Each structure stands twice: as structure tokens, then as C-alpha cells.
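Undergrad: Input file: structure_22.json. Contents: JSON, C-alpha atoms.
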```json
[["chain", "number", "residue", "atom", "x", "y", "z"],
["D", 1, "MET", "CA", -23.97, -16.78, -43.58],
["D", 2, "TYR", "CA", -23.06, -20.05, -41.94],
["D", 3, "VAL", "CA", -20.10, -20.15, -39.53],
["D", 4, "THR", "CA", -18.59, -23.49, -38.60],
["D", 5, "SER", "CA", -17.81, -24.26, -34.97],
["D", 6, "LYS", "CA", -14.09, -24.03, -35.76],
["D", 7, "GLU", "CA", -14.54, -20.58, -37.31],
["D", 8, "GLN", "CA", -16.71, -19.49, -34.35],
["D", 9, "ALA", "CA", -14.02, -20.63, -31.92],
["D", 10, "ALA", "CA", -11.41, -18.66, -33.87],
["D", 11, "LEU", "CA", -13.65, -15.55, -33.82],
["D", 12, "ASP", "CA", -14.19, -15.93, -30.08],
["D", 13, "LEU", "CA", -10.45, -16.25, -29.57],
["D", 14, "VAL", "CA", -9.81, -13.04, -31.56],
["D", 15, "LYS", "CA", -12.48, -11.21, -29.55],
["D", 16, "ARG", "CA", -10.93, -12.38, -26.27],
["D", 17, "GLU", "CA", -7.45, -11.45, -27.48],
["D", 18, "ARG", "CA", -8.62, -7.94, -28.36],
["D", 19, "LEU", "CA", -10.25, -7.60, -24.94],
["D", 20, "ILE", "CA", -7.06, -8.74, -23.21],
["D", 21, "THR", "CA", -5.02, -6.25, -25.25],
["D", 22, "ILE", "CA", -7.45, -3.46, -24.39],
["D", 23, "LEU", "CA", -7.42, -4.38, -20.70],
["D", 24, "LYS", "CA", -3.62, -4.48, -20.62],
["D", 25, "SER", "CA", -3.40, -0.99, -22.08],
["D", 26, "SER", "CA", -6.16, 0.55, -19.96],
["D", 27, "THR", "CA", -5.24, 2.78, -17.07],
["D", 28, "ILE", "CA", -6.49, 1.95, -13.60],
["D", 29, "ASN", "CA", -6.87, 5.09, -11.51],
["D", 30, "TYR", "CA", -7.18, 3.24, -8.22],
["D", 31, "ALA", "CA", -7.71, -0.20, -6.73],
["D", 32, "HIS", "CA", -11.11, -0.18, -5.06],
["D", 33, "PHE", "CA", -12.25, -2.64, -2.38],
["D", 34, "SER", "CA", -15.67, -2.58, -0.84],
["D", 35, "CYS", "CA", -16.19, -2.21, 2.88],
["D", 36, "LYS", "CA", -15.14, -5.32, 4.84],
["D", 37, "SER", "CA", -13.78, -6.93, 1.67],
["D", 38, "GLN", "CA", -12.49, -10.46, 2.14],
["D", 39, "ILE", "CA", -9.98, -10.27, -0.72],
["D", 40, "ILE", "CA", -7.88, -7.44, 0.66],
["D", 41, "PRO", "CA", -4.67, -8.51, 2.48],
["D", 42, "LYS", "CA", -5.12, -8.89, 6.23],
["D", 43, "GLU", "CA", -2.51, -6.16, 6.78],
["D", 44, "LEU", "CA", -4.93, -3.65, 5.21],
["D", 45, "GLN", "CA", -8.16, -5.00, 6.73],
["D", 46, "GLN", "CA", -8.37, -2.18, 9.32],
["D", 47, "ASP", "CA", -8.46, 0.32, 6.47],
["D", 48, "VAL", "CA", -11.66, -1.11, 4.96],
["D", 49, "ILE", "CA", -13.67, -1.71, 8.13],
["D", 50, "LYS", "CA", -15.68, 1.55, 8.13],
["D", 51, "SER", "CA", -15.67, 2.41, 4.43],
["D", 52, "ASP", "CA", -14.48, 1.27, 1.04],
["D", 53, "GLY", "CA", -10.73, 1.11, 0.49],
["D", 54, "CYS", "CA", -9.14, 3.01, -2.38],
["D", 55, "PHE", "CA", -5.46, 2.51, -3.10],
["D", 56, "HIS", "CA", -3.14, 3.85, -5.75],
["D", 57, "PRO", "CA", -2.56, 0.87, -8.08],
["D", 58, "LEU", "CA", 1.22, 1.23, -8.26],
["D", 59, "VAL", "CA", 1.66, 1.60, -4.49],
["D", 60, "TYR", "CA", -0.74, -1.31, -3.94],
["D", 61, "ALA", "CA", 1.14, -3.52, -6.43],
["D", 62, "TYR", "CA", 4.46, -2.77, -4.72],
["D", 63, "PHE", "CA", 2.85, -3.53, -1.35],
["D", 64, "LEU", "CA", 1.68, -6.91, -2.66],
["D", 65, "ARG", "CA", 5.26, -7.56, -3.77],
["D", 66, "PHE", "CA", 6.47, -6.53, -0.31],
["D", 67, "LEU", "CA", 4.02, -8.93, 1.34],
["D", 68, "CYS", "CA", 5.14, -11.82, -0.87],
["D", 69, "CYS", "CA", 8.80, -11.14, -0.05],
["D", 70, "TYR", "CA", 7.99, -10.69, 3.63],
["D", 71, "HIS", "CA", 6.17, -14.02, 3.88],
["D", 72, "LEU", "CA", 9.00, -15.71, 1.97],
["D", 73, "HIS", "CA", 11.47, -14.20, 4.49],
["D", 74, "ASP", "CA", 13.37, -12.47, 1.68],
["D", 75, "GLN", "CA", 14.84, -9.50, 3.59],
["D", 76, "PHE", "CA", 16.70, -8.01, 0.61],
["D", 77, "SER", "CA", 13.62, -8.01, -1.63],
["D", 78, "CYS", "CA", 11.50, -6.59, 1.22],
["D", 79, "GLU", "CA", 13.84, -3.61, 1.44],
["D", 80, "ASP", "CA", 13.71, -3.18, -2.34],
["D", 81, "ALA", "CA", 9.90, -3.32, -2.32],
["D", 82, "MET", "CA", 9.79, -0.78, 0.51],
["D", 83, "GLN", "CA", 11.94, 1.58, -1.54],
["D", 84, "GLN", "CA", 9.55, 1.11, -4.47],
["D", 85, "ILE", "CA", 6.58, 1.87, -2.21],
["D", 86, "ALA", "CA", 8.33, 4.99, -0.89],
["D", 87, "ARG", "CA", 9.23, 6.21, -4.40],
["D", 88, "ALA", "CA", 5.74, 5.54, -5.76],
["D", 89, "THR", "CA", 4.14, 7.29, -2.78],
["D", 90, "PHE", "CA", 6.43, 10.28, -3.23],
["D", 91, "GLU", "CA", 5.92, 10.44, -7.01],
["D", 92, "THR", "CA", 2.13, 10.21, -6.76],
["D", 93, "ARG", "CA", 1.73, 12.86, -4.07],
["D", 94, "PRO", "CA", -0.83, 15.57, -4.85],
["D", 95, "THR", "CA", 0.48, 18.71, -6.53],
["D", 96, "GLU", "CA", -1.81, 21.06, -4.62],
["D", 97, "ASN", "CA", -1.74, 21.59, -0.88],
["D", 98, "SER", "CA", -4.67, 19.31, -0.15],
["D", 99, "MET", "CA", -4.20, 15.66, 0.65],
["D", 100, "ASN", "CA", -6.62, 13.22, -0.93],
["D", 101, "ARG", "CA", -7.75, 9.78, 0.12],
["D", 102, "LEU", "CA", -5.40, 7.93, -2.27],
["D", 103, "CYS", "CA", -2.46, 9.84, -0.84],
["D", 104, "PHE", "CA", -3.41, 8.92, 2.74],
["D", 105, "GLN", "CA", -3.85, 5.28, 1.77],
["D", 106, "SER", "CA", -0.42, 5.26, 0.09],
["D", 107, "LEU", "CA", 1.11, 6.71, 3.24],
["D", 108, "ILE", "CA", -0.52, 4.10, 5.49],
["D", 109, "ILE", "CA", 0.76, 1.33, 3.23],
["D", 110, "PHE", "CA", 4.32, 2.55, 3.67],
["D", 111, "GLY", "CA", 3.82, 2.84, 7.44],
["D", 112, "ILE", "CA", 2.53, -0.72, 7.63],
["D", 113, "ALA", "CA", 5.58, -1.96, 5.71],
["D", 114, "VAL", "CA", 7.87, -0.07, 8.12],
["D", 115, "GLN", "CA", 6.07, -1.62, 11.09],
["D", 116, "MET", "CA", 6.20, -5.13, 9.61],
["D", 117, "THR", "CA", 9.96, -4.90, 9.16],
["D", 118, "GLY", "CA", 10.35, -4.31, 12.88],
["D", 119, "ARG", "CA", 11.18, -0.59, 12.80],
["D", 120, "LEU", "CA", 8.63, 0.05, 15.50],
["D", 121, "ASP", "CA", 10.10, 3.35, 16.67],
["D", 122, "ILE", "CA", 9.93, 4.81, 13.17],
["D", 123, "ALA", "CA", 6.48, 3.30, 12.57],
["D", 124, "LYS", "CA", 5.20, 4.90, 15.77],
["D", 125, "LEU", "CA", 6.45, 8.32, 14.73],
["D", 126, "TYR", "CA", 5.15, 7.82, 11.20],
["D", 127, "PHE", "CA", 1.65, 6.82, 12.37],
["D", 128, "LYS", "CA", 1.64, 9.76, 14.81],
["D", 129, "GLU", "CA", 2.35, 12.26, 12.03],
["D", 130, "LEU", "CA", -0.10, 10.56, 9.64],
["D", 131, "ALA", "CA", -2.86, 10.49, 12.29],
["D", 132, "LYS", "CA", -2.40, 14.26, 12.79],
["D", 133, "MET", "CA", -2.78, 14.90, 9.05],
["D", 134, "ASP", "CA", -5.67, 12.44, 8.57],
["D", 135, "MET", "CA", -8.46, 14.63, 9.93],
["D", 136, "ASP", "CA", -11.21, 12.66, 8.15],
["D", 137, "VAL", "CA", -9.81, 9.33, 9.42],
["D", 138, "TYR", "CA", -9.31, 7.72, 6.02],
["D", 139, "THR", "CA", -6.67, 5.41, 7.48],
["D", 140, "SER", "CA", -6.02, 3.24, 10.50],
["D", 141, "ALA", "CA", -3.04, 5.39, 11.53],
["D", 142, "ALA", "CA", -4.54, 6.41, 14.89],
["D", 143, "ILE", "CA", -5.45, 2.79, 15.72],
["D", 144, "LYS", "CA", -1.98, 1.55, 14.76],
["D", 145, "LEU", "CA", -0.37, 4.34, 16.79],
["D", 146, "SER", "CA", -2.47, 3.38, 19.81],
["D", 147, "GLU", "CA", -1.47, -0.28, 19.45],
["D", 148, "LEU", "CA", 2.21, 0.64, 19.17],
["D", 149, "THR", "CA", 2.06, 3.09, 22.07],
["D", 150, "GLN", "CA", 0.48, 0.51, 24.38],
["D", 151, "SER", "CA", 3.00, -2.18, 23.54],
["D", 152, "HIS", "CA", 6.14, -0.10, 22.93],
["D", 153, "ASP", "CA", 6.10, 2.86, 25.30],
["D", 154, "HIS", "CA", 9.88, 2.63, 25.84],
["D", 155, "TYR", "CA", 10.41, 4.56, 22.57],
["D", 156, "CYS", "CA", 8.95, 7.78, 24.01],
["D", 157, "ASP", "CA", 12.40, 9.18, 24.94],
["D", 158, "VAL", "CA", 13.76, 8.90, 21.39],
["D", 159, "THR", "CA", 13.96, 12.20, 19.47],
["D", 160, "ILE", "CA", 12.73, 12.58, 15.92],
["D", 161, "TYR", "CA", 16.30, 13.07, 14.68],
["D", 162, "GLU", "CA", 17.40, 9.83, 16.30],
["D", 163, "LEU", "CA", 14.54, 8.04, 14.58],
["D", 164, "ILE", "CA", 15.49, 9.45, 11.19],
["D", 165, "PHE", "CA", 19.15, 8.61, 11.78],
["D", 166, "ASN", "CA", 18.26, 5.04, 12.83],
["D", 167, "PHE", "CA", 16.08, 4.59, 9.74],
["D", 168, "LEU", "CA", 18.85, 5.80, 7.45],
["D", 169, "GLU", "CA", 21.37, 3.54, 9.17],
["D", 170, "SER", "CA", 19.14, 0.51, 8.70],
["D", 171, "CYS", "CA", 18.75, 1.02, 4.93]]
```
Spell out the structure here as C-alpha cells.

TA:
Amino acid sequence: MYVTSKEQAALDLVKRERLITILKSSTINYAHFSCKSQIIPKELQQDVIKSDGCFHPLVYAYFLRFLCCYHLHDQFSCEDAMQQIARATFETRPTENSMNRLCFQSLIIFGIAVQMTGRLDIAKLYFKELAKMDMDVYTSAAIKLSELTQSHDHYCDVTIYELIFNFLESC
């Protein structure tokens, strides 16, 4: 059977269209970046230095939105994106008592967003709690806590309840 070039182009287009439809409907379990990946945002580079980075796709997508809004200096949209990150992190938490790598990575993403918006006191507390939970050091929480502690020691006298109150007031 002979197929003209026009017919072949139409067949190729249909094949590509089917592939695009299939890809749009497929579920991505996690966004995976190899160790020292150059395509990961610089804000997450510390989390792929020692090993591959795995991120929940929804949390990662909201973080990309946050970064776009942040770099465009769109404060309102940054806050909205942070709320989306928080909701997605909360909704995708593990049902059993064990924390998995994706959960830790989602938590660090939210902490980074908090830090980037200038809530350094809350970020410090957040990284401190995350570093305690992250026994296998899946995240850069301990490094970020150390950086914040060295440059912002004046927050040491603030109680946890004051931090929570300040965070709620700023929303």
C-alpha cells in the first residue's frame, strides 16, 4: 500500500496527538531530578547535592508558581501560592505514622517559601522542627537552620506561640 507524503504527515500528526492526549492524562507520582541537576530551581539546589531530588508534582508545581510570582514581585500571588503549597503538603501527607522522602521534600519546599517571604523567625522554627524529624537527612533543613541561626540569632528569645501568632497575623 502506497501512502503519499500528505497522508503520512496526517498519520504522524494523529500519532503525536494521541501521545499528547495520553501524556496529559497520565499520572506523575513524583518529579525526579538527578543529583546536582542543573534544571532544578536554585532555591532547591541544596536538596539535590548529595542525592537525587524527588518532589511531589503538585507541591513542586505550586512552588514553581510561587517562584514566578516572587521574582515578579507579586506579593498577593506569592501568598496565594504559599497557601496552595501548604494545602497540597497537608493533603498529601502520609496516612501511616512514617514520613517518606516526598513528604520531607514537600515540607522543605514550604519552609523555603516562608524564608523567601522574609518570615525568618518562622522559617527558623520550621527548619528546626523539620531537621529534628529528618533523621535520614533527605532535606537541607539542618543547613538552612544553621544559616539562619548564624545570621539571625536575635530571634532566639521568641516563643513558639509568638511565632505562630506572628505568622497568622501576617496572612

Undergrad: List as a PyMOL selection string: which residues have an atom within 9 Å of (-13.7, 4.8, 2.4), counting all atoms listed in the file?

TA: chain D and resi 33-35+47-54+101+138-139

Undergrad: When you look at range 72-83 of chain D with a cut-off of 8 Å (counting all atoms listed in the file), what residues show up, excluding the ones that are within fewer than 6 positions of it in the same chain? I need them as number ranges by chain.

TA: D: 62-63, 65-66, 110, 113-114, 171

Undergrad: Could you work out how far CA of Gly111 in chain D lies from CA of Asp134 in chain D, giving the answer in Å with one decimal?

TA: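 Straight-line distance from CA of Asp134 in chain D to CA of Gly111 in chain D works out to 13.5 Å.
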
Undergrad: What is the distance, in Å and to one decimal place, between CA of Met135 in chain D and CA of Ile39 in chain D?

TA: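 Taking CA of Met135 in chain D as the start and CA of Ile39 in chain D as the end point, the length is 27.1 Å.
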
Undergrad: If I take CA of Ala61 in chain D and CA of Arg16 in chain D, how far is one from the other in Å, to one decimal?

TA: 24.9 Å

Undergrad: Once you count only C-alpha atoms, which residues end up no further than 7 Å from (-6.4, 8.9, -2.6) in the file's frame, shown as a PyMOL selection string?

TA: chain D and resi 54-56+100-105

Undergrad: Restricting the output to C-alpha atoms, write the selected residues as a CSV table (one decimal), keeping the file's coordinate frame.

TA:
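again-v2.csv, written as the output of this step:
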```csv
chain,number,residue,atom,x,y,z
D,54,CYS,CA,-9.1,3.0,-2.4
D,55,PHE,CA,-5.5,2.5,-3.1
D,56,HIS,CA,-3.1,3.8,-5.8
D,100,ASN,CA,-6.6,13.2,-0.9
D,101,ARG,CA,-7.8,9.8,0.1
D,102,LEU,CA,-5.4,7.9,-2.3
D,103,CYS,CA,-2.5,9.8,-0.8
D,104,PHE,CA,-3.4,8.9,2.7
D,105,GLN,CA,-3.8,5.3,1.8
```

Undergrad: Taking every listed atom of range 37-52 of chain D and adding 4 Å to each side, what centre and edge lengths in Å (one decimal) does the axis-aligned box have, as lines of an AutoDock Vina configuration file?

TA:
```
center_x = -9.1
center_y = -4.0
center_z = 4.3
size_x = 21.2
size_y = 20.9
size_z = 18.0
```

Undergrad: Find the residue from D:Arg87, D:Lys144, D:Lys36, D:Lys6 that sits nearest to Ile108 in chain D; use all atoms listed in the file when measuring.

TA: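 The answer is D:Lys144, which sits nearest to Ile108 in chain D.
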
Undergrad: Name the closest residue to Tyr60 in chain D among the candidates D:Ala123, D:Ile40, D:Val137, D:Ile143; distances are taken between atoms, counting only C-alpha atoms.

TA: D:Ile40

Undergrad: I need the residue nearest Leu107 in chain D from this list: D:Asp121, D:Glu91, D:Ala86, D:Cys69. Use only C-alpha atoms for the distance.

TA: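 Nearest to Leu107 in chain D: D:Ala86.
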